[in-house]
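S.K.: Handing you this structure, nothing more for now.
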There are 2 protein chains.
Amino acid sequence: MALLVQKYGGTSVGTVERIEAVADRVLKHKKQGDDIVVVVSAMSGETNRLIGLAKNISSSPSAREMDVLLSTGEQVTIALLSMALMKRGLEARSYTGAQVRITTDSAHGKARIQSIDTEKMHNDLDAGRVIVVAGFQGADELGNITTLGRGGSDTTGVALAAALKADECQIYTDVDGVYTTDPRVVDSARRLDKITFEEMLEMASLGSKVLQIRAVEFAGKYQVPLRVLSSFIEGEGTLITTEENHEMEQPAVSGIAFNRDEAKLTLKGVPDHPGIAARILGPISDANIEVDMIVQNVSVEGTTDFTFTVNRTEFDKASLTLNNIARELGAKDVITNSKIAKVSIVGVGMRSHAGVASTMFRALAAESINIQLISTSEIKVSVIVDEKYLELAVRTLHSAFKLSEEGTIVQEV
Amino acid sequence: MALLVQKYGGTSVGTVERIEAVADRVLKHKKQGDDIVVVVSAMSGETNRLIGLAKNISSSPSAREMDVLLSTGEQVTIALLSMALMKRGLEARSYTGAQVRITTDSAHGKARIQSIDTEKMHNDLDAGRVIVVAGFQGADELGNITTLGRGGSDTTGVALAAALKADECQIYTDVDGVYTTDPRVVDSARRLDKITFEEMLEMASLGSKVLQIRAVEFAGKYQVPLRVLSSFIEGEGTLITTEENHEMEQPAVSGIAFNRDEAKLTLKGVPDHPGIAARILGPISDANIEVDMIVQNVSVEGTTDFTFTVNRTEFDKASLTLNNIARELGAKDVITNSKIAKVSIVGVGMRSHAGVASTMFRALAAESINIQLISTSEIKVSVIVDEKYLELAVRTLHSAFKLSEEGTIVQEV
């Protein structure tokens, strides 16, 4: 008998039929003797419908009122799922974020959970009830409704699992686990049985669609075992844990992530003196542009080249800002390129394996793929290549690191 | 400067355009220096959409979960209206029933308000904010979401006005006031400037669509001046107060109400001894059938005839129950008729005017309308007639009591 927190996203509860299927699954687990807390998102399409209503009224609606509006989406789902569970003879009880006392700060639209009062839930679980909680939402100390922002339902699931000391937090989604890479790019991509939080974080921060980075961070911090499963296909999914995989020799690389949405900007020939990086990135940050990779090489003849990447949607804004900075700093030139892609190899095994990077570079060179930029961390090596080589690079690396065999990851943006 | 509670029903907030129109009206009042608390219903159609979702899942959904589901309807409206108000430069803040601490009992789907905490609202009003409250809902002491049942938004409006000691509770609807009778039946029906709570109660209990009886009772009890206005047409509407109309000679009859949805059942020849009424109505009440008129005449030769009316939708159930009772009591016969209608004259002026009833009976007789049943109260005389005479009866009485001239009421079911 285990205590499971199961989170179902918008697609998994998108229709009355899908809600019934979720109820069937909960019933199955309950019959096996598990205690279940379900976290649900709004039915798919509902959040967009509500945003549409708001946008018809105001181009810049109040963040507080947006939260009041959007939080109704999950509230509808908890009621409907509870009804479906009760129809199956289960005792079920729904709670909004505010009702279950998910207390957050007051940052409407991107609130952070501060505390969860588990007393009510423990009483319900003791009484044999299934608890159905609205994801993505909470309330601040004054009782104002808040939402957790993007991917917030995953965060709710993990936070509840941590607060209740659940045995596992199961994230049901439309994919059946974490893959060595995107199966649409590499036919032989393989589902991983297990990966570590660190690897998943690198995958998520590189743009994985499977799990939101905040939820993974949260799960890692509180050591909540996290499992990604399909709500459509039966299977074991992928378990994300603190344990490294000791069952076999640790592979050097667990997976390959990639991102098509990057753009690259270089400031050439800037005088190389202390504080220059801050003088470049300060105005970029002030313009609310998020920077991904930052690369600065050693200086040659007193000047250096400074390169960074941004999301392609912010490319024009970043170019404009950088041209102003160039004039101020007396830089030689600004070179930009939005036709690039990032490919990364990720794996905790890298720590103890020399030569992983050189294997990567050699494999890419063998296919004549030019590397424009390199950036590394302890468990990741990322390169920027021309976007037309993206698929080729991913397939080449997938094969070079033997990821079709046991022990890996890869995911798309 | 007055404190006004304004309640807008589903049609008045049925589209984004209608919500904008409500915001314009609030702005106008606010500019005149009034403090405003707005109570809104769900956008028209929304409640039915939500009920449809629930019915697709369960034919008998949990009452607790229905309340969780349905309460989202008003929550959407409060957010949208607040956004519309803020767009106009007003400071606005929305509250759900639970947030504004409308505490109710735990009777889901038909909860009664027990208390309202006005501290938050007074703070907002002092800060110059417009408060937007979700009608129809509250929360019990354990924090479970409850709904007040049919017409609940009117009740919320009146309850807030009472708690805040507002100068007036304005109910905006799709009619521009209370009329001497239904203008669709009598062309010369006239809008009343004022009527008393007692008259309005008799009108409401007779099936008026304008205001829900609970809201009128509540307003009368706490002496909250209630005004019915159109949200579509400018005008003064009808004010419902404790004051009788002293500006002119009090007319005997203020209005005429009617109800097409009644059915009549008679138990003939029951032994007339103490407790017989209870033995007849007990099983009817046990079957959850609501009884409207009850008439028992003096007994002849030790037996009596007992007649009552029920809503036509419960006619079959009532007939079945009454036949069983007849057998048990040894009654001679059961006679039923579902093709009847009730017509009532209402007016506080009746108290001091003799001859009102005889004027009524004489007017009906002049048109050869047979009266099947008569029931009277201090400010009302109701008769049951064949349904085919309903319109004729209403027109005849409207004219007999000169209701087209100053000083009256009439309304349909």
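Within each chain, counting starts at residue 1; across the structure tokens, chains are named A, B, ... in the order shown, with ligands numbered 1 upward in that order.
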So that I can check the surroundings of Gln6 (chain B), please list as an NGL selection string every protein, DNA and RNA residue that reaches within 9 Å of it, counting only C-alpha atoms and ignoring chain neighbours fewer than 4 positions away.
M.R.: :B and (26 or 36-40 or 157 or 168-172)
S.K.: With C-alpha atoms retained, write the just-selected residues as a compact mmCIF listing (two decimals), in the first residue's frame.
M.R.:
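Contents of out_7.txt, freshly written:
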# COMPACT_ATOMS: atom_id res chain seq x y z
CA VAL B 26 -21.01 51.48 -12.31
CA ILE B 36 -20.69 50.62 -5.10
CA VAL B 37 -20.76 46.92 -4.29
CA VAL B 38 -21.66 44.88 -7.35
CA VAL B 39 -23.10 41.36 -7.14
CA VAL B 40 -23.09 39.33 -10.35
CA GLY B 157 -27.32 41.25 -3.04
CA GLU B 168 -30.38 50.71 -1.48
CA CYS B 169 -30.11 47.29 -3.06
CA GLN B 170 -30.65 47.63 -6.81
CA ILE B 171 -31.62 44.53 -8.71
CA TYR B 172 -30.86 45.00 -12.42
S.K.: Please identify all residues of chain B having at least one atom at most 8 Å from any atom of chain A, considering only C-alpha atoms, and return them as a list in words.
M.R.: Val16, Glu20, Leu53, Ala54, Asn56, Ile57, Ser58, Pro61, Ser62, Glu65, Met66, Val68, Leu69, Thr72, Gln75, Val76, Ala79, Leu80, Ser82, Met83, Ala84, Met86, Lys87, Arg93, Ser94, Gln99, Gly143 and Asn144 of chain B
S.K.: Go ahead and write the residues just picked, C-alpha atoms, as a PDB file, in the first residue's frame.
M.R.:
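Saved to out.pdb:
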ATOM      1  CA  VAL B  16     -18.363  40.785 -22.990  1.00  0.00           C
ATOM      2  CA  GLU B  20     -18.739  46.505 -20.511  1.00  0.00           C
ATOM      3  CA  LEU B  53     -20.941  18.616 -18.146  1.00  0.00           C
ATOM      4  CA  ALA B  54     -21.974  17.192 -14.775  1.00  0.00           C
ATOM      5  CA  ASN B  56     -22.694  13.763 -18.818  1.00  0.00           C
ATOM      6  CA  ILE B  57     -20.760  12.240 -15.952  1.00  0.00           C
ATOM      7  CA  SER B  58     -23.439  11.406 -13.432  1.00  0.00           C
ATOM      8  CA  PRO B  61     -23.912  14.179  -9.049  1.00  0.00           C
ATOM      9  CA  SER B  62     -22.840  14.919  -5.477  1.00  0.00           C
ATOM     10  CA  GLU B  65     -19.315  18.825  -6.053  1.00  0.00           C
ATOM     11  CA  MET B  66     -22.163  20.500  -7.969  1.00  0.00           C
ATOM     12  CA  VAL B  68     -17.794  23.459  -6.516  1.00  0.00           C
ATOM     13  CA  LEU B  69     -18.645  23.244 -10.218  1.00  0.00           C
ATOM     14  CA  THR B  72     -17.077  28.841 -11.066  1.00  0.00           C
ATOM     15  CA  GLN B  75     -16.228  33.563 -10.395  1.00  0.00           C
ATOM     16  CA  VAL B  76     -15.592  34.067 -14.113  1.00  0.00           C
ATOM     17  CA  ALA B  79     -12.977  38.631 -12.701  1.00  0.00           C
ATOM     18  CA  LEU B  80     -14.176  39.920 -16.077  1.00  0.00           C
ATOM     19  CA  SER B  82     -13.341  43.808 -12.355  1.00  0.00           C
ATOM     20  CA  MET B  83     -11.081  43.944 -15.412  1.00  0.00           C
ATOM     21  CA  ALA B  84     -13.659  46.076 -17.227  1.00  0.00           C
ATOM     22  CA  MET B  86     -10.118  48.746 -13.955  1.00  0.00           C
ATOM     23  CA  LYS B  87      -9.899  49.529 -17.673  1.00  0.00           C
ATOM     24  CA  ARG B  93     -11.541  44.069  -6.439  1.00  0.00           C
ATOM     25  CA  SER B  94     -13.378  40.807  -6.937  1.00  0.00           C
ATOM     26  CA  GLN B  99     -13.422  35.065   0.071  1.00  0.00           C
ATOM     27  CA  GLY B 143     -14.679  26.093   4.032  1.00  0.00           C
ATOM     28  CA  ASN B 144     -16.785  23.907   1.734  1.00  0.00           C
TER      29      ASN B 144
END
S.K.: Measuring atom to atom with only C-alpha atoms, identify which of A:Ala363, A:Ala263, A:Arg227, A:Pro283 is nearest to Glu314 (chain A).
M.R.: A:Ala263
S.K.: Please return as a VMD selection string: the residues of region 8-122 of chain A that backbone DSSP assigns to strand (DSSP E).
M.R.: chain A and resid 8 35 to 40 92 to 95 102 to 104 113 to 116
S.K.: Just the selected residues (all heavy atoms), exported as a compact mmCIF listing (two decimals), in the first residue's frame, please.
M.R.:
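Output contents, as saved in part_30.txt:
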# COMPACT_ATOMS: atom_id res chain seq x y z
N TYR A 8 -2.74 14.84 -13.51
CA TYR A 8 -3.24 14.67 -14.88
C TYR A 8 -3.34 16.04 -15.54
O TYR A 8 -4.01 16.94 -15.02
CB TYR A 8 -4.60 13.99 -14.87
CG TYR A 8 -4.55 12.56 -14.39
CD1 TYR A 8 -4.74 12.25 -13.04
CD2 TYR A 8 -4.29 11.52 -15.27
CE1 TYR A 8 -4.67 10.94 -12.59
CE2 TYR A 8 -4.22 10.21 -14.83
CZ TYR A 8 -4.41 9.92 -13.49
OH TYR A 8 -4.33 8.63 -13.06
N ASP A 35 -3.41 4.71 -1.47
CA ASP A 35 -4.10 5.96 -1.16
C ASP A 35 -3.77 6.95 -2.27
O ASP A 35 -2.61 7.04 -2.68
CB ASP A 35 -3.63 6.53 0.18
CG ASP A 35 -4.28 5.79 1.35
OD1 ASP A 35 -5.38 5.27 1.16
OD2 ASP A 35 -3.67 5.75 2.43
N ILE A 36 -4.80 7.66 -2.74
CA ILE A 36 -4.56 8.51 -3.91
C ILE A 36 -4.95 9.96 -3.68
O ILE A 36 -6.04 10.26 -3.20
CB ILE A 36 -5.38 8.00 -5.13
CG1 ILE A 36 -5.31 6.49 -5.28
CG2 ILE A 36 -4.97 8.75 -6.40
CD1 ILE A 36 -4.07 5.98 -5.95
N VAL A 37 -4.04 10.85 -4.05
CA VAL A 37 -4.34 12.28 -4.14
C VAL A 37 -4.18 12.63 -5.61
O VAL A 37 -3.12 12.37 -6.20
CB VAL A 37 -3.38 13.13 -3.29
CG1 VAL A 37 -3.66 14.61 -3.48
CG2 VAL A 37 -3.49 12.74 -1.82
N VAL A 38 -5.23 13.16 -6.22
CA VAL A 38 -5.17 13.50 -7.64
C VAL A 38 -5.06 15.01 -7.79
O VAL A 38 -5.75 15.76 -7.12
CB VAL A 38 -6.44 13.02 -8.39
CG1 VAL A 38 -6.28 13.22 -9.88
CG2 VAL A 38 -6.73 11.56 -8.09
N VAL A 39 -4.17 15.43 -8.67
CA VAL A 39 -4.04 16.85 -9.01
C VAL A 39 -4.41 17.00 -10.47
O VAL A 39 -3.90 16.25 -11.31
CB VAL A 39 -2.60 17.35 -8.79
CG1 VAL A 39 -2.44 18.79 -9.25
CG2 VAL A 39 -2.22 17.22 -7.32
N VAL A 40 -5.32 17.93 -10.79
CA VAL A 40 -5.72 18.07 -12.19
C VAL A 40 -5.55 19.49 -12.70
O VAL A 40 -5.61 20.46 -11.95
CB VAL A 40 -7.20 17.64 -12.41
CG1 VAL A 40 -7.34 16.14 -12.32
CG2 VAL A 40 -8.12 18.34 -11.43
N ALA A 92 -14.96 10.56 -2.63
CA ALA A 92 -14.01 11.52 -3.18
C ALA A 92 -14.36 12.90 -2.66
O ALA A 92 -15.51 13.18 -2.33
CB ALA A 92 -14.05 11.51 -4.69
N ARG A 93 -13.35 13.75 -2.57
CA ARG A 93 -13.60 15.13 -2.15
C ARG A 93 -12.67 16.06 -2.90
O ARG A 93 -11.48 15.81 -2.99
CB ARG A 93 -13.41 15.25 -0.65
CG ARG A 93 -13.91 16.57 -0.10
CD ARG A 93 -14.19 16.52 1.36
NE ARG A 93 -15.33 15.68 1.69
CZ ARG A 93 -15.77 15.50 2.94
NH1 ARG A 93 -15.15 16.08 3.94
NH2 ARG A 93 -16.83 14.76 3.16
N SER A 94 -13.25 17.11 -3.46
CA SER A 94 -12.45 18.06 -4.24
C SER A 94 -12.04 19.24 -3.38
O SER A 94 -12.75 19.62 -2.46
CB SER A 94 -13.27 18.57 -5.43
OG SER A 94 -14.24 19.49 -4.99
N TYR A 95 -10.89 19.80 -3.70
CA TYR A 95 -10.43 21.02 -3.04
C TYR A 95 -9.79 21.96 -4.04
O TYR A 95 -8.97 21.54 -4.87
CB TYR A 95 -9.39 20.71 -1.96
CG TYR A 95 -9.92 19.93 -0.78
CD1 TYR A 95 -9.54 18.62 -0.56
CD2 TYR A 95 -10.80 20.52 0.11
CE1 TYR A 95 -10.03 17.90 0.52
CE2 TYR A 95 -11.30 19.82 1.20
CZ TYR A 95 -10.92 18.51 1.40
OH TYR A 95 -11.41 17.81 2.46
N ILE A 102 -3.06 25.70 0.16
CA ILE A 102 -1.78 25.86 -0.51
C ILE A 102 -1.49 27.36 -0.45
O ILE A 102 -2.07 28.14 -1.22
CB ILE A 102 -1.82 25.34 -1.96
CG1 ILE A 102 -2.08 23.82 -1.97
CG2 ILE A 102 -0.51 25.67 -2.70
CD1 ILE A 102 -2.18 23.20 -3.34
N THR A 103 -0.67 27.75 0.51
CA THR A 103 -0.39 29.17 0.71
C THR A 103 0.81 29.57 -0.14
O THR A 103 1.84 28.91 -0.14
CB THR A 103 -0.12 29.45 2.19
OG1 THR A 103 -1.23 28.97 2.96
CG2 THR A 103 0.04 30.95 2.44
N THR A 104 0.62 30.64 -0.89
CA THR A 104 1.68 31.12 -1.78
C THR A 104 2.05 32.55 -1.44
O THR A 104 1.38 33.19 -0.62
CB THR A 104 1.21 31.10 -3.25
OG1 THR A 104 0.24 32.14 -3.43
CG2 THR A 104 0.60 29.76 -3.63
N ILE A 113 4.81 28.55 -3.94
CA ILE A 113 4.18 27.92 -2.79
C ILE A 113 5.05 28.15 -1.55
O ILE A 113 6.26 27.96 -1.58
CB ILE A 113 4.01 26.41 -3.03
CG1 ILE A 113 3.04 26.18 -4.19
CG2 ILE A 113 3.53 25.70 -1.77
CD1 ILE A 113 2.89 24.74 -4.61
N GLN A 114 4.42 28.58 -0.46
CA GLN A 114 5.14 28.78 0.79
C GLN A 114 4.87 27.68 1.79
O GLN A 114 5.76 27.24 2.51
CB GLN A 114 4.78 30.14 1.39
CG GLN A 114 5.33 31.28 0.53
CD GLN A 114 4.97 32.64 1.06
OE1 GLN A 114 3.91 32.81 1.66
NE2 GLN A 114 5.82 33.62 0.84
N SER A 115 3.63 27.23 1.85
CA SER A 115 3.31 26.15 2.78
C SER A 115 2.04 25.44 2.35
O SER A 115 1.23 25.98 1.60
CB SER A 115 3.14 26.70 4.20
OG SER A 115 1.98 27.50 4.25
N ILE A 116 1.90 24.21 2.83
CA ILE A 116 0.69 23.43 2.56
C ILE A 116 0.24 22.83 3.89
O ILE A 116 1.04 22.22 4.60
CB ILE A 116 0.96 22.31 1.54
CG1 ILE A 116 1.33 22.91 0.18
CG2 ILE A 116 -0.24 21.39 1.41
CD1 ILE A 116 1.68 21.89 -0.88
S.K.: Determine, counting only C-alpha atoms, which protein, DNA and RNA residues have an atom within 12 Å of an atom of Ile335 (chain B); residues of the same chain fewer than 4 positions away are not included. Present the result as a VMD selection string.
M.R.: chain B and resid 263 to 269 305 to 309 318 to 320 322 to 323 326 331
S.K.: Using CA of Ala111 (chain A) and CA of Ser230 (chain A) as the two end points, give the distance in Å to one decimal.
M.R.: 27.7 Å
